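See below for start-v6.cif, which holds mmCIF, C-alpha atoms.
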data_start
loop_
_atom_site.label_atom_id
_atom_site.label_comp_id
_atom_site.auth_asym_id
_atom_site.auth_seq_id
_atom_site.Cartn_x
_atom_site.Cartn_y
_atom_site.Cartn_z
CA MET A 1 18.75 -2.94 56.56
CA THR A 2 15.53 -3.95 54.81
CA HIS A 3 14.55 -2.31 51.50
CA TYR A 4 10.96 -1.12 51.04
CA LEU A 5 9.05 0.14 48.00
CA LEU A 6 6.17 2.24 49.32
CA LYS A 7 3.31 4.13 47.70
CA THR A 8 1.30 7.11 48.95
CA PRO A 9 -1.13 7.49 50.62
CA LEU A 10 0.78 5.79 53.46
CA THR A 11 -1.12 3.81 56.06
CA GLU A 12 -0.33 3.39 59.73
CA GLU A 13 0.66 -0.24 58.98
CA ASP A 14 3.09 0.92 56.25
CA VAL A 15 5.09 3.08 58.63
CA ILE A 16 4.85 0.96 61.80
CA GLU A 17 6.62 -1.82 59.89
CA LEU A 18 9.68 0.36 59.21
CA ALA A 19 12.72 0.28 61.49
CA ALA A 20 15.52 2.82 61.82
CA GLY A 21 18.22 2.03 59.26
CA ASP A 22 15.82 0.59 56.65
CA MET A 23 15.91 1.96 53.12
CA VAL A 24 12.79 3.31 51.37
CA LEU A 25 11.93 4.19 47.77
CA LEU A 26 8.65 6.12 47.67
CA SER A 27 6.22 6.56 44.77
CA GLY A 28 3.06 8.64 44.57
CA THR A 29 2.37 12.17 45.74
CA ILE A 30 4.87 14.18 47.78
CA TYR A 31 4.11 17.67 49.12
CA THR A 32 6.93 20.17 49.71
CA ALA A 33 6.70 22.61 52.61
CA ARG A 34 9.28 24.68 54.41
CA ASP A 35 9.45 27.76 56.66
CA LYS A 36 6.72 30.00 55.22
CA ALA A 37 4.26 27.24 54.29
CA HIS A 38 4.45 25.84 57.83
CA SER A 39 3.92 29.27 59.35
CA LEU A 40 0.94 29.89 57.07
CA MET A 41 -0.57 26.45 57.79
CA ARG A 42 -0.41 27.29 61.49
CA SER A 43 -2.12 30.66 61.11
CA LYS A 44 -4.60 29.89 58.33
CA GLY A 45 -4.90 26.09 58.14
CA CYS A 46 -3.75 23.69 55.46
CA PRO A 47 -5.20 24.24 51.96
CA ILE A 48 -5.21 20.50 51.18
CA SER A 49 -5.73 17.18 52.97
CA LEU A 50 -2.51 15.64 54.30
CA GLU A 51 -4.09 12.36 55.44
CA GLY A 52 -1.53 9.62 54.70
CA ALA A 53 0.77 12.16 53.08
CA ALA A 54 4.53 12.37 52.72
CA LEU A 55 5.64 15.92 53.53
CA TYR A 56 8.99 16.95 52.07
CA HIS A 57 11.12 19.69 53.65
CA CYS A 58 12.31 21.11 50.35
CA GLY A 59 12.51 24.41 48.51
CA PRO A 60 12.80 23.23 44.92
CA LEU A 61 14.31 24.94 41.91
CA ILE A 62 11.60 24.81 39.25
CA ARG A 63 11.41 26.32 35.75
CA LYS A 64 7.87 26.53 34.43
CA ASP A 65 6.62 23.06 35.36
CA GLU A 66 9.94 21.26 35.27
CA VAL A 67 11.72 20.24 38.47
CA LEU A 68 15.41 21.11 37.96
CA SER A 69 16.83 20.52 41.44
CA ALA A 70 14.99 19.42 44.56
CA GLY A 71 17.03 18.01 47.43
CA PRO A 72 16.05 18.28 51.11
CA THR A 73 16.39 21.34 53.34
CA THR A 74 17.33 21.32 57.05
CA SER A 75 14.36 19.93 58.99
CA SER A 76 15.26 21.40 62.38
CA ARG A 77 13.93 24.82 61.33
CA MET A 78 10.45 23.23 61.11
CA ALA A 79 10.76 21.30 64.43
CA ARG A 80 8.32 23.65 66.19
CA TYR A 81 5.53 22.49 63.84
CA THR A 82 6.04 18.69 63.99
CA GLU A 83 3.19 17.89 66.38
CA GLU A 84 0.53 19.82 64.48
CA ILE A 85 1.74 18.56 61.10
CA LEU A 86 1.58 14.93 62.24
CA ARG A 87 -1.89 15.57 63.69
CA LEU A 88 -3.03 16.37 60.12
CA GLY A 89 -2.37 12.72 59.25
CA VAL A 90 1.12 13.04 57.73
CA ARG A 91 2.73 9.59 57.85
CA ALA A 92 6.24 10.51 56.70
CA ILE A 93 8.29 13.68 56.97
CA ILE A 94 11.19 13.74 54.51
CA GLY A 95 14.20 16.00 55.05
CA LYS A 96 17.76 16.13 56.27
CA GLY A 97 19.39 16.53 59.67
CA GLY A 98 16.49 15.05 61.64
CA LEU A 99 13.72 16.10 64.03
CA PRO A 100 13.12 15.23 67.69
CA GLY A 101 11.75 11.68 67.68
CA GLU A 102 9.03 11.69 70.32
CA PRO A 103 6.15 13.10 68.18
CA PHE A 104 6.67 10.28 65.63
CA ARG A 105 5.98 7.50 68.12
CA ASN A 106 3.33 4.97 66.99
CA ARG A 107 2.16 6.99 63.99
CA SER A 108 4.83 8.30 61.63
CA VAL A 109 8.46 8.18 60.45
CA TYR A 110 11.21 10.59 59.46
CA LEU A 111 12.95 9.72 56.19
CA ALA A 112 16.39 11.15 55.37
CA TYR A 113 17.08 11.99 51.73
CA PRO A 114 20.81 12.55 50.99
CA GLY A 115 21.48 16.29 51.33
CA GLY A 116 22.75 18.28 48.38
CA CYS A 117 21.46 15.74 45.86
CA GLY A 118 19.05 18.10 44.12
CA ALA A 119 19.81 17.10 40.53
CA ALA A 120 19.31 13.38 41.25
CA ALA A 121 16.10 14.09 43.19
CA ALA A 122 14.72 16.17 40.31
CA LYS A 123 14.92 13.10 38.01
CA GLN A 124 12.49 11.31 40.36
CA LEU A 125 9.92 14.14 40.59
CA LYS A 126 7.31 15.80 38.35
CA VAL A 127 5.12 18.81 39.10
CA ARG A 128 1.41 18.03 39.50
CA ALA A 129 0.18 21.25 41.08
CA VAL A 130 1.26 24.18 43.19
CA HIS A 131 -0.46 25.58 46.29
CA LEU A 132 0.34 28.77 48.24
CA GLN A 133 2.13 30.03 45.12
CA GLU A 134 2.16 33.56 46.53
CA LEU A 135 5.00 32.43 48.84
CA GLY A 136 7.43 32.19 45.90
CA MET A 137 9.34 29.32 44.28
CA ALA A 138 11.25 28.00 47.31
CA GLU A 139 8.45 28.45 49.84
CA SER A 140 5.34 27.30 47.90
CA LEU A 141 3.60 24.04 48.69
CA TRP A 142 4.41 21.98 45.59
CA GLU A 143 2.44 18.84 44.84
CA LEU A 144 4.91 16.49 43.16
CA GLU A 145 4.54 13.08 41.53
CA ALA A 146 7.38 10.86 42.75
CA GLU A 147 8.72 7.72 41.12
CA ASN A 148 10.97 5.58 43.30
CA PHE A 149 12.01 8.64 45.28
CA GLY A 150 15.15 7.79 47.20
CA PRO A 151 17.26 6.16 48.48
CA MET A 152 15.88 7.39 51.80
CA ILE A 153 16.98 6.09 55.18
CA VAL A 154 14.43 5.59 57.97
CA ALA A 155 16.28 7.84 60.43
CA VAL A 156 13.52 8.16 63.05
CA ASP A 157 11.10 5.25 63.28
CA ALA A 158 7.71 4.95 64.99
CA HIS A 159 9.16 2.89 67.83
CA GLY A 160 11.32 5.56 69.48
CA LYS A 161 14.57 4.88 67.64
CA ASP A 162 16.39 7.99 66.38
CA MET A 163 19.65 7.45 64.46
CA TYR A 164 20.77 11.08 64.75
CA GLU A 165 20.31 11.06 68.52
CA GLU A 166 22.26 7.81 68.83
CA VAL A 167 25.13 9.18 66.73
CA ARG A 168 25.13 12.47 68.68
CA ARG A 169 25.16 10.70 72.03
CA SER A 170 27.99 8.42 70.94
CA ALA A 171 30.01 11.44 69.64
CA LYS A 172 29.57 13.27 72.94
CA ASN A 173 31.03 10.31 74.83
CA ARG A 174 34.22 10.30 72.74
CA MET B 1 35.91 45.34 29.63
CA ARG B 2 32.70 45.70 31.66
CA SER B 3 30.90 43.16 29.51
CA GLU B 4 33.81 40.74 29.96
CA VAL B 5 33.38 40.96 33.74
CA VAL B 6 29.61 40.43 33.43
CA GLU B 7 30.09 37.40 31.19
CA ALA B 8 32.88 35.91 33.29
CA THR B 9 30.68 36.26 36.38
CA MET B 10 27.91 34.38 34.62
CA ARG B 11 30.32 31.61 33.50
CA VAL B 12 31.99 31.04 36.89
CA LEU B 13 28.59 30.87 38.59
CA GLN B 14 27.32 28.39 36.01
CA LYS B 15 30.37 26.18 36.42
CA ALA B 16 30.28 26.39 40.23
CA GLU B 17 26.58 25.49 40.40
CA THR B 18 26.60 22.58 37.95
CA SER B 19 29.86 20.79 38.81
CA LEU B 20 32.36 20.27 41.59
CA PRO B 21 36.12 20.91 41.49
CA GLU B 22 38.03 17.70 40.68
CA TRP B 23 39.87 17.75 44.04
CA VAL B 24 36.54 17.77 45.90
CA ILE B 25 35.20 14.85 43.86
CA GLN B 26 38.41 12.92 44.56
CA LEU B 27 38.06 13.43 48.33
CA ILE B 28 34.49 12.08 48.21
CA VAL B 29 35.60 9.09 46.07
CA ASN B 30 38.33 8.33 48.60
CA ALA B 31 35.89 8.63 51.52
CA ALA B 32 33.45 6.24 49.80
CA GLU B 33 36.21 3.68 49.23
CA ARG B 34 37.34 3.84 52.87
CA GLU B 35 33.84 3.83 54.41
CA THR B 36 32.95 0.78 56.50
CA LYS B 37 29.29 1.70 57.28
CA ASN B 38 26.73 0.68 54.62
CA VAL B 39 24.36 3.62 55.12
CA ALA B 40 27.19 6.15 54.81
CA ARG B 41 28.80 4.43 51.83
CA SER B 42 25.56 4.23 49.84
CA GLN B 43 24.88 7.93 50.45
CA LEU B 44 28.41 8.91 49.35
CA HIS B 45 27.91 6.96 46.11
CA PHE B 46 24.56 8.69 45.59
CA MET B 47 26.26 12.09 46.08
CA LEU B 48 28.78 11.19 43.37
CA GLU B 49 25.92 10.05 41.10
CA ASN B 50 24.20 13.40 41.75
CA VAL B 51 27.33 15.29 40.67
CA ARG B 52 27.47 13.21 37.46
CA ILE B 53 23.82 14.03 36.65
CA ALA B 54 24.39 17.73 37.35
CA MET B 55 27.50 17.88 35.14
CA ASN B 56 25.97 15.87 32.28
CA GLU B 57 22.72 17.83 32.18
CA GLY B 58 23.92 21.26 33.28
CA LEU B 59 21.61 21.25 36.31
CA PRO B 60 22.38 22.89 39.66
CA LEU B 61 23.61 20.00 41.79
CA CYS B 62 21.81 21.38 44.85
CA GLN B 63 18.49 23.24 44.79
CA ASP B 64 20.00 25.65 47.31
CA THR B 65 21.99 27.56 44.74
CA GLY B 66 23.21 29.72 47.61
CA LEU B 67 24.02 33.35 48.21
CA ALA B 68 26.29 34.92 45.60
CA ILE B 69 29.75 35.27 47.12
CA PHE B 70 32.80 36.17 45.05
CA HIS B 71 36.51 36.39 45.71
CA VAL B 72 38.12 38.94 43.39
CA GLU B 73 41.87 39.42 43.02
CA MET B 74 42.67 42.70 41.33
CA GLY B 75 46.02 44.12 40.27
CA ARG B 76 47.13 47.36 41.94
CA ASP B 77 47.95 48.87 38.55
CA LEU B 78 44.62 48.02 36.98
CA ILE B 79 42.30 50.98 36.47
CA LEU B 80 38.65 50.23 35.73
CA ASP B 81 36.33 52.86 34.27
CA PHE B 82 33.21 51.16 35.61
CA ASP B 83 31.79 49.99 38.95
CA LEU B 84 33.11 46.44 39.47
CA GLU B 85 30.43 45.54 42.02
CA GLU B 86 27.65 46.62 39.66
CA ALA B 87 29.14 44.60 36.81
CA ILE B 88 29.33 41.46 38.99
CA ALA B 89 25.74 42.07 40.17
CA ASP B 90 24.65 42.21 36.50
CA GLY B 91 26.35 38.86 35.94
CA VAL B 92 24.45 37.39 38.90
CA ARG B 93 21.12 38.64 37.51
CA ILE B 94 21.83 37.07 34.10
CA ALA B 95 23.00 33.80 35.73
CA THR B 96 19.83 33.66 37.86
CA ALA B 97 17.64 33.78 34.76
CA LYS B 98 19.82 31.66 32.48
CA ILE B 99 21.17 28.70 34.51
CA PRO B 100 18.62 29.18 36.27
CA LEU B 101 19.28 29.77 39.97
CA ARG B 102 16.72 29.71 42.76
CA PRO B 103 15.99 33.26 43.91
CA ASN B 104 17.31 33.21 47.49
CA ALA B 105 17.99 36.84 48.46
CA VAL B 106 15.40 38.34 50.82
CA ASP B 107 15.14 41.44 53.02
CA PRO B 108 16.04 40.28 56.56
CA LEU B 109 12.92 41.82 58.13
CA THR B 110 10.17 41.91 55.50
CA ARG B 111 11.52 38.63 53.97
CA LYS B 112 10.62 40.06 50.54
CA ASN B 113 12.54 38.27 47.79
CA SER B 114 14.44 40.38 45.22
CA GLN B 115 13.90 37.52 42.70
CA ASP B 116 17.35 37.99 41.13
CA ASN B 117 19.81 37.06 43.92
CA THR B 118 21.04 40.65 44.27
CA GLY B 119 20.06 43.42 46.69
CA GLN B 120 21.48 45.47 49.52
CA GLY B 121 24.94 44.03 50.36
CA LEU B 122 24.72 41.37 47.64
CA PRO B 123 26.61 39.97 45.88
CA ASP B 124 29.14 39.70 48.69
CA ILE B 125 32.51 40.52 47.12
CA ILE B 126 35.75 39.85 48.97
CA LEU B 127 38.40 41.92 47.21
CA ASP B 128 42.16 41.40 47.42
CA GLN B 129 44.78 43.62 45.83
CA VAL B 130 47.67 41.83 44.15
CA SER B 131 50.66 43.09 42.19
CA GLY B 132 50.32 43.83 38.47
CA LYS B 133 47.34 44.51 36.21
CA GLY B 134 45.46 41.23 36.47
CA LEU B 135 41.83 40.49 37.33
CA LYS B 136 40.67 37.11 38.60
CA ILE B 137 37.19 36.15 39.82
CA THR B 138 36.11 33.13 41.86
CA ALA B 139 32.44 32.27 42.41
CA PHE B 140 31.73 30.71 45.75
CA PRO B 141 27.96 30.18 46.08
CA LYS B 142 27.13 29.31 49.69
CA GLY B 143 24.02 27.41 50.76
CA ALA B 144 22.15 28.13 53.99
CA GLY B 145 22.26 24.61 55.44
CA SER B 146 25.95 24.81 56.29
CA GLU B 147 26.11 28.60 56.72
CA ASN B 148 23.32 28.47 59.36
CA MET B 149 25.42 26.14 61.52
CA SER B 150 28.46 28.46 61.49
CA LEU B 151 29.40 30.44 64.59
CA VAL B 152 31.85 32.81 66.25
CA GLY B 153 32.98 32.25 69.83
CA MET B 154 34.69 34.94 71.89
CA LEU B 155 36.59 32.57 74.15
CA ASN B 156 38.49 33.18 77.32
CA PRO B 157 42.24 33.00 76.48
CA ALA B 158 42.42 30.20 79.07
CA ASP B 159 39.96 28.11 76.99
CA ASN B 160 41.09 25.51 74.45
CA PRO B 161 39.84 26.61 70.99
CA PHE B 162 39.91 23.03 69.69
CA ASP B 163 37.53 21.85 72.43
CA PHE B 164 35.17 24.65 71.35
CA ILE B 165 35.42 23.50 67.71
CA LEU B 166 34.82 19.83 68.57
CA ASP B 167 31.77 20.67 70.73
CA ALA B 168 30.31 22.78 67.91
CA VAL B 169 30.84 19.96 65.41
CA LYS B 170 29.16 17.41 67.74
CA ASP B 171 26.06 19.62 68.06
CA ARG B 172 25.82 21.02 64.55
CA ALA B 173 27.46 18.77 61.95
CA ALA B 174 24.36 16.69 61.13
CA ASN B 175 22.48 19.75 59.87
CA ALA B 176 25.32 21.04 57.71
CA CYS B 177 25.33 18.15 55.15
CA PRO B 178 28.45 16.19 56.14
CA PRO B 179 31.04 15.10 55.14
CA LEU B 180 32.07 18.69 55.73
CA PHE B 181 34.82 21.14 55.11
CA LEU B 182 35.68 23.26 58.15
CA GLY B 183 36.95 26.79 57.62
CA ILE B 184 38.45 27.97 60.92
CA GLY B 185 39.31 31.57 61.79
CA LEU B 186 41.55 31.75 64.81
CA GLY B 187 42.37 35.12 66.42
CA GLY B 188 41.74 38.62 65.10
CA THR B 189 38.58 40.33 66.29
CA PHE B 190 34.91 39.33 66.37
CA ASP B 191 34.37 40.09 62.66
CA LYS B 192 37.92 39.34 61.48
CA ALA B 193 37.69 35.79 62.80
CA ALA B 194 34.55 35.20 60.72
CA ARG B 195 36.17 36.58 57.57
CA LEU B 196 39.24 34.42 58.17
CA ALA B 197 36.99 31.38 58.47
CA LYS B 198 35.36 32.16 55.10
CA ARG B 199 38.77 32.74 53.54
CA ALA B 200 39.91 29.41 54.96
CA LEU B 201 37.21 27.78 52.83
CA PHE B 202 38.61 29.56 49.74
CA ASN B 203 42.06 28.23 50.58
CA MET B 204 41.10 24.57 51.08
CA PRO B 205 42.36 21.98 51.65
CA GLY B 206 44.76 22.40 54.53
CA SER B 207 47.63 20.07 55.31
CA SER B 208 49.47 21.49 58.34
CA PRO B 209 49.99 19.22 61.38
CA LEU B 210 47.42 21.31 63.32
CA GLU B 211 44.85 20.92 60.52
CA MET B 212 45.46 17.21 60.07
CA ASP B 213 45.19 16.64 63.83
CA LEU B 214 41.83 18.45 64.00
CA LEU B 215 40.60 16.51 60.95
CA GLN B 216 41.45 13.20 62.61
CA ARG B 217 39.86 14.20 65.92
CA VAL B 218 36.60 15.20 64.19
CA ASN B 219 36.54 12.01 62.12
CA SER B 220 36.96 9.90 65.26
CA LEU B 221 33.55 11.22 66.45
CA GLY B 222 31.74 8.87 64.05
CA ILE B 223 29.07 11.41 62.99
CA GLY B 224 29.47 10.38 59.36
CA THR B 225 27.63 11.16 56.14
CA MET B 226 24.50 13.27 56.79
CA GLY B 227 24.87 12.65 60.55
CA LEU B 228 23.67 9.04 60.32
CA GLY B 229 27.00 7.56 61.45
CA GLY B 230 30.19 6.76 59.55
CA ASP B 231 33.93 7.07 59.30
CA THR B 232 34.20 10.43 57.50
CA THR B 233 32.67 13.54 59.06
CA VAL B 234 35.09 16.05 57.53
CA LEU B 235 36.89 15.95 54.19
CA GLY B 236 39.07 18.99 54.84
CA VAL B 237 40.09 21.43 57.55
CA LYS B 238 41.80 24.77 56.95
CA ILE B 239 42.83 27.20 59.68
CA GLU B 240 43.57 30.89 59.03
CA MET B 241 45.08 32.87 61.89
CA ALA B 242 45.59 36.48 62.91
CA CYS B 243 47.00 38.04 66.05
CA CYS B 244 44.42 38.97 68.65
CA HIS B 245 44.20 41.14 71.75
CA THR B 246 45.98 39.73 74.79
CA ALA B 247 42.60 39.51 76.55
CA SER B 248 40.78 37.84 73.60
CA LEU B 249 40.52 34.51 71.83
CA PRO B 250 38.07 34.79 68.92
CA VAL B 251 37.31 31.51 67.11
CA ALA B 252 35.07 31.26 64.06
CA ILE B 253 33.87 28.09 62.38
CA ASN B 254 32.45 28.37 58.87
CA PHE B 255 30.80 25.08 58.03
CA GLN B 256 30.85 24.02 54.38
CA CYS B 257 28.74 21.11 53.11
CA TRP B 258 30.24 18.28 51.03
CA ALA B 259 29.35 20.21 47.87
CA HIS B 260 32.25 22.67 48.11
CA ARG B 261 31.27 24.64 45.02
CA SER B 262 33.65 27.10 43.40
CA ALA B 263 34.94 28.09 39.98
CA THR B 264 37.60 30.60 38.92
CA GLU B 265 38.29 32.56 35.76
CA VAL B 266 41.21 34.83 34.94
CA ILE B 267 39.72 37.82 33.10
CA LEU B 268 42.97 39.72 32.65
#
Would you put the structure from the file into structure tokens?
Amino acid sequence: MTHYLLKTPLTEEDVIELAAGDMVLLSGTIYTARDKAHSLMRSKGCPISLEGAALYHCGPLIRKDEVLSAGPTTSSRMARYTEEILRLGVRAIIGKGGLPGEPFRNRSVYLAYPGGCGAAAAKQLKVRAVHLQELGMAESLWELEAENFGPMIVAVDAHGKDMYEEVRRSAKNR
Amino acid sequence: MRSEVVEATMRVLQKAETSLPEWVIQLIVNAAERETKNVARSQLHFMLENVRIAMNEGLPLCQDTGLAIFHVEMGRDLILDFDLEEAIADGVRIATAKIPLRPNAVDPLTRKNSQDNTGQGLPDIILDQVSGKGLKITAFPKGAGSENMSLVGMLNPADNPFDFILDAVKDRAANACPPLFLGIGLGGTFDKAARLAKRALFNMPGSSPLEMDLLQRVNSLGIGTMGLGGDTTVLGVKIEMACCHTASLPVAINFQCWAHRSATEVIL
């Protein structure tokens, strides 16, 4: 388990170096997106550049411009969009519960933030801007400034290793 | 009296959203001490740190502040001159603005958000009559991550319900924010089984031989904290039963994430 301090924008080299089980603290810009933002990006395109971005599956609780609670949401609901999101240049998807690993191969990673830890996550995040605000608080695309965001576990790496799949397979054989 | 119900609703929601019951914290502390996998242990410690931050700063510990579910126990001899459901809904509206809570309630088809966590069928109030003139309210906000993984199976009476439960946990646990609490409804009808499973979560933790056996079998799967592997996949199992038709075997599993939020107040 190697510990990494990373900064956005993320490069291909940054994420290729990571291996499943490593721990990451991330600083820089993080974009939230969940169900409605993904659907809208598919139908109308993405309103911002996501080249080198970290995309966070999160529907935050925000009052005015203050992040009050902002843990991860279940990534599997967004699984149908993974390929097109990664094609936009996203280098890390952050969430909980995992995504099928194949689309990440040789270009990106999936980082697991501990679920339910919204209050702790909020201390690491500040609002910079909001896009697609018409979708409402939970569904907007929030542009957040992160400082040592984590601890996140590299759960799916760029080399075909998927911790969730390994655990699931092992559980099925018991 | 109405305003007391409104205010108590607001207070139990605030407490439920910004803290965890002591018995839940203790189970997580114990799991962290026992854990042999580094990844799981560090996440359990971070969860405990998150609860400390939420309690110290009065912040919702999870951004998914849930759907508003309440368990109300009301004395048979108590007569109220107001609509109890409306009073509780008013408390939810005030809590949404004041704590604040994330507005989560949407129309199932248009997906339009009511912005105040109330609407058709919400809050969901489970009412029990008890003897006397008392009135007790428990807030039980439920997030979607664990609720989405829940299911009802109409099994063949020849099937083993515990195999069904173990298969569901293997497929679904990682998305429900483990270590989990499992509320199991066994028997009844299609809808009764689901209600029993929700009630099982109210009545946590279980300690019968059947419950302890299921807990150990699930923990032997190694799914662990957040599905990344580890020794503790469930913190508690509770089974509620009802008789069922001789041709039926309904089984419901209501998944509950590690943040088993609830708070109770006796109003009368």
Would you write out, as CSV, a table of all residues in chain A that have an atom no more than 9 Å from an atom of chain B, listing for each the closest atom pair and the distance in Å to one decimal, considering all atoms listed in the file and ordering rows by chain and rising residue number?
residue,atom,partner,partner_atom,distance
A:Met1,CA,B:Val39,CA,8.8
A:Gly21,CA,B:Val39,CA,7.6
A:Met23,CA,B:Val39,CA,8.8
A:Cys58,CA,B:Gln63,CA,8.6
A:Gly59,CA,B:Gln63,CA,7.1
A:Pro60,CA,B:Gln63,CA,5.7
A:Leu61,CA,B:Gln63,CA,5.4
A:Ile62,CA,B:Arg102,CA,7.9
A:Arg63,CA,B:Pro100,CA,7.8
A:Leu68,CA,B:Leu59,CA,6.4
A:Ser69,CA,B:Gln63,CA,4.6
A:Ala70,CA,B:Gln63,CA,5.2
A:Gly71,CA,B:Gln63,CA,6.0
A:Pro72,CA,B:Gln63,CA,8.4
A:Thr73,CA,B:Gly145,CA,7.0
A:Thr74,CA,B:Asn175,CA,6.1
A:Ser75,CA,B:Asn175,CA,8.2
A:Ser76,CA,B:Asn175,CA,7.8
A:Lys96,CA,B:Asn175,CA,7.0
A:Gly97,CA,B:Asn175,CA,4.5
A:Gly98,CA,B:Asn175,CA,7.8
A:Ala112,CA,B:Met226,CA,8.5
A:Tyr113,CA,B:Gln43,CA,8.9
A:Pro114,CA,B:Gln43,CA,6.2
A:Gly115,CA,B:Cys177,CA,5.7
A:Gly116,CA,B:Cys62,CA,4.8
A:Cys117,CA,B:Asn50,CA,5.5
A:Gly118,CA,B:Cys62,CA,4.3
A:Ala119,CA,B:Leu61,CA,4.9
A:Ala120,CA,B:Asn50,CA,4.9
A:Ala121,CA,B:Asn50,CA,8.3
A:Gly136,CA,B:Asn113,CA,8.2
A:Met137,CA,B:Arg102,CA,7.5
A:Ala138,CA,B:Arg102,CA,7.3
A:Pro151,CA,B:Gln43,CA,8.1
A:Ile153,CA,B:Val39,CA,7.8
A:Ala155,CA,B:Leu228,CA,7.5
A:Met163,CA,B:Leu228,CA,6.0
A:Tyr164,CA,B:Leu228,CA,5.7
A:Glu166,CA,B:Leu228,CA,8.7
A:Val167,CA,B:Gly229,CA,5.8
A:Arg168,CA,B:Lys170,CA,6.4
A:Arg169,CA,B:Lys170,CA,8.9
A:Ser170,CA,B:Leu221,CA,7.7
A:Ala171,CA,B:Leu221,CA,4.8
A:Lys172,CA,B:Lys170,CA,6.7
A:Asn173,CA,B:Leu221,CA,8.8
A:Arg174,CA,B:Leu221,CA,6.4
Item to check | Residue IDs satisfying the PyMOL selection byres ((chain A and resi 159) around 8), as a list in words | outcome: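 Taken on the displayed file, the PyMOL selection byres ((chain A and resi 159) around 8) yields the residues Ile16, Ala19, Arg105, Asn106, Asp157, Ala158, Gly160 and Lys161 of chain A.
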Item to check | Coordinates-based distance that separates CA of Ser262 (chain B) from CA of Met204 (chain B) (Å, one decimal) | outcome: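 These two atoms are separated by 11.0 Å.
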Next on the checklist: Which residues are near Met78 (chain A)? Cut-off 7 Å, only C-alpha atoms, ignore same chain within fewer than 4 positions. Put them as number ranges by chain.
Outcome noted: A: 34-35, 82
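Using only C-alpha atoms, the contacts of Arg199 (chain B) at a cut-off of 9 Å, with sequence neighbours closer than 2 positions omitted, comprise His71, Ile126, Gly183, Ile184, Gly185, Ala194, Arg195, Leu196, Ala197, Leu201, Phe202, Asn203, Met204 and Glu240 of chain B.
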Place N, CA and C atoms on region 132-143 of chain A and deliver the coordinates as a short mmCIF file (atom, residue, chain, number, x, y, z; two decimals), keeping the file's coordinate frame.
data_model
loop_
_atom_site.label_atom_id
_atom_site.label_comp_id
_atom_site.auth_asym_id
_atom_site.auth_seq_id
_atom_site.Cartn_x
_atom_site.Cartn_y
_atom_site.Cartn_z
N LEU A 132 -0.32 27.66 47.53
CA LEU A 132 0.34 28.77 48.24
C LEU A 132 1.43 29.39 47.36
N GLN A 133 1.13 29.56 46.07
CA GLN A 133 2.13 30.03 45.12
C GLN A 133 2.62 31.44 45.44
N GLU A 134 1.77 32.19 46.18
CA GLU A 134 2.16 33.56 46.53
C GLU A 134 3.42 33.60 47.40
N LEU A 135 3.81 32.46 47.98
CA LEU A 135 5.00 32.43 48.84
C LEU A 135 6.31 32.38 48.04
N GLY A 136 6.22 32.21 46.73
CA GLY A 136 7.43 32.19 45.90
C GLY A 136 7.93 30.77 45.67
N MET A 137 8.91 30.65 44.74
CA MET A 137 9.34 29.32 44.28
C MET A 137 9.77 28.40 45.43
N ALA A 138 10.69 28.88 46.28
CA ALA A 138 11.25 28.00 47.31
C ALA A 138 10.24 27.67 48.40
N GLU A 139 9.30 28.59 48.66
CA GLU A 139 8.45 28.45 49.84
C GLU A 139 7.04 27.91 49.53
N SER A 140 6.68 27.80 48.25
CA SER A 140 5.34 27.30 47.90
C SER A 140 5.16 25.85 48.34
N LEU A 141 3.91 25.45 48.40
CA LEU A 141 3.60 24.04 48.69
C LEU A 141 3.41 23.34 47.34
N TRP A 142 4.45 22.66 46.89
CA TRP A 142 4.41 21.98 45.59
C TRP A 142 3.87 20.57 45.76
N GLU A 143 2.97 20.21 44.86
CA GLU A 143 2.44 18.84 44.84
C GLU A 143 3.19 18.11 43.73
#
